[in-house]
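Worksheet: the structure to be examined is printed underneath.
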Amino acid sequence: MNDLTVGVVGAGVMGSSLAQSLTAAGIGTVLYDSDPQARTAAGFRVAAASRLARLSAARADAGPPGRLTVADALTELSGCDLVIENVVEDPEVKRQVHVALDAVLKPGAVVAVNTSAVPVSGLALATDHPERMVGAHFMNPVAASVMVEVVRTPYTAAWALRGLEELLRRLGKESVVVDDQAGFVINRCLMMFISEAAALVDDGVATAREVDRLFRACLGHRTGPLRTADLIGIDTIVHTIDVLRDHYGPERFTPSPALLRMADAGRLGRKTGEGFYHYSDGETP
Ligand SMILES: NC(=O)c1ccc[n+]([C@@H]2O[C@H](COP(=O)([O-])OP(=O)(O)OC[C@H]3O[C@@H](n4cnc5c(N)ncnc54)[C@H](O)[C@@H]3O)[C@@H](O)[C@H]2O)c1
C-alpha cells in the first residue's frame, strides 16, 4: 500500500485531525463533509498545519506531505483504497453515509468507522460489503496518542483488518483489537466518568479545575476528565451516552443534567470556545 489514497468522511474535530496526520505521513487524502463550510474550514486547517510542520525542525528529515483534496461530493472518494468515516455520532446518519459510500467505493477498498460507541456490525450489515468494514476509534487529537482502539465485527475479513493495521503502522500507531459491543472499551468506561465529574461540579463539590487537578496529581492522568470533555466536545459526549443508553439501558447510562444544559446552551468545549473552561484563539487555559 505505498501509493495509498485515503478518504476521510466528516471534516469536524476528528476528520480534520485525521487529515492532518495522514498528510503529515505523506499519504494522499481526500476529505469530504456534507457541510461546505466545514470542509472548507478543515481544508484551511490542514493546509496551515502542513505549512507549519514543513517549517519545523521536527519534520526537516521527513518526506513530503501527502496531497490533500477537498471533495465536493462523496463520489470523489471512488478511487480511495481506504476510507475513514467520522460523521456525527448518530447511528442513523452513519448508516446513511455507509450505504452511500458502499455504492461509490471500488472492490477491495477498506472502510474504517471512527465512532465513540456505535456498534460497527449494524452499520456493516446495512451495506452490501460488511466484510470490508472495521472499527477504528482514534483518540483526539489523532497525532497526540500512539494507540487506536480497533473493532473487529464477526463479518470483518482478515484482509480488511490487515489493511487498516498497515495504515496505522504508517501513521506510527499501535492498536488493540476488541470485540464489537457499544462503547467498546474506552467509552463504556470514560463517558460516565466524565458525566459524573460534570455532576459533581454542578453539585458544588469542586471546580472543574480542582477536579482535573486531583485526577492528574493523584492518579497520574495526563488530562483530567473535564479538560478531556472539552476536547471531545460536549455534544459528542451526549450523543455517545445516548447510544450507550439505547444499548445498555438508562439505569446504567444517562447523561448528567449538567452536560445536557451545556449542550443546549452551545457550550460545547474547545470547538465553541467555551465548555468547562474558556478558550480564546489557540490558548490553553
Ligand atoms: N471528538 C472526539 O474526541 C472523538 C474521538 C474519537 C471518535 N469520535 C467520533 O468521531 C466521529 C466524529 O466526531 P467529531 O468530534 O469529529 O464530530 P464533529 O461534530 O466535530 O464533526 C462531525 C462532522 O460530520 C459532518 N457530517 C454530518 N453528517 C454528514 C454526512 N451525512 N456526510 C458527511 N459529513 C457529515 C458534520 O458536518 C461535521 O463536520 C463521531 O462518531 C465521534 O463519536 C470523536
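Ordering of the C-alpha cells sets the chain letters (A, B, ...); residue numbers start at 1 within each chain; ligands are numbered from 1 in the order shown.
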Fill in: Residue neighbourhood stretch 75-92 of chain A, 7 Å, only C-alpha atoms, exclusion window fewer than 2 positions, as a PyMOL selection string
chain A and resi 4-10+14-15+30+71+73+94-96+104-106+109-115+118+236+239-240
Just to be explicit: take each residue in the selection above, keep N, CA and C atoms, and write the result as a compact mmCIF listing (two decimals), in the first residue's frame.
```txt
# COMPACT_ATOMS: atom_id res chain seq x y z
N LEU A 4 -0.89 4.80 -1.38
CA LEU A 4 -2.20 4.74 -0.77
C LEU A 4 -2.95 6.07 -0.90
N THR A 5 -4.24 6.00 -1.23
CA THR A 5 -5.09 7.19 -1.12
C THR A 5 -6.16 6.89 -0.09
N VAL A 6 -6.26 7.75 0.90
CA VAL A 6 -7.22 7.53 1.99
C VAL A 6 -8.31 8.60 1.93
N GLY A 7 -9.55 8.17 2.04
CA GLY A 7 -10.67 9.09 2.10
C GLY A 7 -11.04 9.36 3.54
N VAL A 8 -11.44 10.58 3.83
CA VAL A 8 -11.90 10.96 5.17
C VAL A 8 -13.28 11.57 5.01
N VAL A 9 -14.28 10.97 5.61
CA VAL A 9 -15.65 11.49 5.50
C VAL A 9 -16.04 12.09 6.85
N GLY A 10 -16.44 13.35 6.84
CA GLY A 10 -16.68 14.09 8.08
C GLY A 10 -15.43 14.90 8.36
N MET A 14 -12.61 15.36 14.50
CA MET A 14 -11.80 14.17 14.22
C MET A 14 -11.35 14.09 12.77
N GLY A 15 -12.27 14.42 11.84
CA GLY A 15 -11.92 14.33 10.42
C GLY A 15 -10.76 15.25 10.09
N VAL A 30 -8.29 12.40 0.60
CA VAL A 30 -9.46 13.08 0.01
C VAL A 30 -10.45 13.30 1.15
N ALA A 71 -13.05 17.34 -1.29
CA ALA A 71 -14.03 16.88 -2.27
C ALA A 71 -15.37 17.57 -2.07
N ALA A 73 -18.13 16.17 -3.40
CA ALA A 73 -19.15 15.11 -3.43
C ALA A 73 -18.51 13.80 -2.99
N LYS A 94 -24.89 7.85 10.36
CA LYS A 94 -23.77 6.99 9.96
C LYS A 94 -24.26 5.90 8.99
N ARG A 95 -25.42 5.31 9.29
CA ARG A 95 -25.93 4.24 8.42
C ARG A 95 -26.12 4.77 7.00
N GLN A 96 -26.73 5.93 6.87
CA GLN A 96 -26.97 6.50 5.53
C GLN A 96 -25.65 6.76 4.80
N VAL A 104 -20.20 3.73 -3.84
CA VAL A 104 -19.20 4.56 -4.53
C VAL A 104 -17.84 3.86 -4.60
N LEU A 105 -17.51 3.08 -3.57
CA LEU A 105 -16.14 2.57 -3.44
C LEU A 105 -15.84 1.39 -4.36
N LYS A 106 -14.55 1.25 -4.70
CA LYS A 106 -14.14 0.15 -5.56
C LYS A 106 -14.05 -1.14 -4.75
N ALA A 109 -11.71 -1.96 -1.37
CA ALA A 109 -11.48 -0.80 -0.51
C ALA A 109 -11.91 -1.16 0.91
N VAL A 110 -11.16 -0.66 1.88
CA VAL A 110 -11.46 -0.92 3.29
C VAL A 110 -12.22 0.29 3.85
N VAL A 111 -13.21 0.03 4.69
CA VAL A 111 -13.95 1.13 5.31
C VAL A 111 -13.78 1.06 6.83
N ALA A 112 -13.19 2.10 7.40
CA ALA A 112 -12.99 2.15 8.85
C ALA A 112 -13.99 3.15 9.44
N VAL A 113 -14.66 2.73 10.50
CA VAL A 113 -15.65 3.59 11.16
C VAL A 113 -15.00 4.18 12.41
N ASN A 114 -14.88 5.50 12.44
CA ASN A 114 -14.37 6.14 13.65
C ASN A 114 -15.59 6.55 14.47
N THR A 115 -15.89 5.78 15.48
CA THR A 115 -17.07 6.05 16.29
C THR A 115 -16.71 5.92 17.76
N VAL A 118 -21.00 3.62 18.58
CA VAL A 118 -21.96 2.90 17.71
C VAL A 118 -21.38 1.56 17.27
N THR A 236 -20.83 15.69 21.38
CA THR A 236 -20.41 14.32 21.04
C THR A 236 -20.54 13.41 22.26
N HIS A 239 -24.27 12.62 22.70
CA HIS A 239 -24.69 11.65 21.67
C HIS A 239 -24.16 10.26 21.99
N THR A 240 -22.93 10.20 22.50
CA THR A 240 -22.32 8.90 22.80
C THR A 240 -23.05 8.24 23.96
```
* Asked: Can you list, as number ranges by chain, every protein, DNA or RNA residue that comes within 9 Å of stretch 162-178 of chain A when you count only C-alpha atoms, leaving out same-chain residues fewer than 3 positions away?
  -> A: 1, 4, 21-22, 24-25, 27, 81-82, 109-112, 134, 136, 143, 145-153, 157-159, 181, 184-185
| said: I'd like the interatomic distance between atom CA of A:Val142 and atom CA of A:Phe253, to a tenth of an Å. | reply: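 Atom CA of A:Val142 sits 26.6 Å away from atom CA of A:Phe253.
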* What residues in stretch 22-253 of chain A get the DSSP label helix (DSSP H, G or I)? Please answer as number ranges by chain. -> A: 22-24, 36-55, 57-59, 74-77, 91-104, 120-125, 130-132, 142-144, 158-170, 186-202, 208-219, 225-232, 234-248
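Residues with any atom within 8 Å of stretch 34-43 of chain A, counting only C-alpha atoms and excluding same-chain neighbours fewer than 6 positions away, are Gly10, Ala11, Gly12, Ser16, Leu68, Val70, Asp72 and Ala73 of chain A.
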Serialized selection, N, CA and C atoms, as a PDB file, in the first residue's frame:
```pdb
ATOM      1  N   GLY A  10     -16.443  13.355   6.839  1.00  0.00           N
ATOM      2  CA  GLY A  10     -16.683  14.091   8.077  1.00  0.00           C
ATOM      3  C   GLY A  10     -15.433  14.896   8.356  1.00  0.00           C
ATOM      4  N   ALA A  11     -15.568  16.230   8.346  1.00  0.00           N
ATOM      5  CA  ALA A  11     -14.391  17.091   8.493  1.00  0.00           C
ATOM      6  C   ALA A  11     -14.518  17.952   9.739  1.00  0.00           C
ATOM      7  N   GLY A  12     -15.093  17.375  10.801  1.00  0.00           N
ATOM      8  CA  GLY A  12     -15.199  18.099  12.068  1.00  0.00           C
ATOM      9  C   GLY A  12     -13.922  17.926  12.875  1.00  0.00           C
ATOM     10  N   SER A  16     -10.766  16.481  10.619  1.00  0.00           N
ATOM     11  CA  SER A  16      -9.651  17.370  10.264  1.00  0.00           C
ATOM     12  C   SER A  16      -8.367  16.948  10.959  1.00  0.00           C
ATOM     13  N   LEU A  68      -3.579  16.897  -0.281  1.00  0.00           N
ATOM     14  CA  LEU A  68      -4.942  16.945   0.271  1.00  0.00           C
ATOM     15  C   LEU A  68      -5.912  17.433  -0.804  1.00  0.00           C
ATOM     16  N   VAL A  70      -9.875  18.454  -1.214  1.00  0.00           N
ATOM     17  CA  VAL A  70     -11.160  18.675  -0.535  1.00  0.00           C
ATOM     18  C   VAL A  70     -12.250  18.385  -1.565  1.00  0.00           C
ATOM     19  N   ASP A  72     -16.049  17.852  -3.195  1.00  0.00           N
ATOM     20  CA  ASP A  72     -17.382  18.469  -3.124  1.00  0.00           C
ATOM     21  C   ASP A  72     -18.489  17.421  -3.100  1.00  0.00           C
ATOM     22  N   ALA A  73     -18.131  16.174  -3.405  1.00  0.00           N
ATOM     23  CA  ALA A  73     -19.152  15.112  -3.434  1.00  0.00           C
ATOM     24  C   ALA A  73     -18.513  13.803  -2.985  1.00  0.00           C
TER      25      ALA A  73
END
```
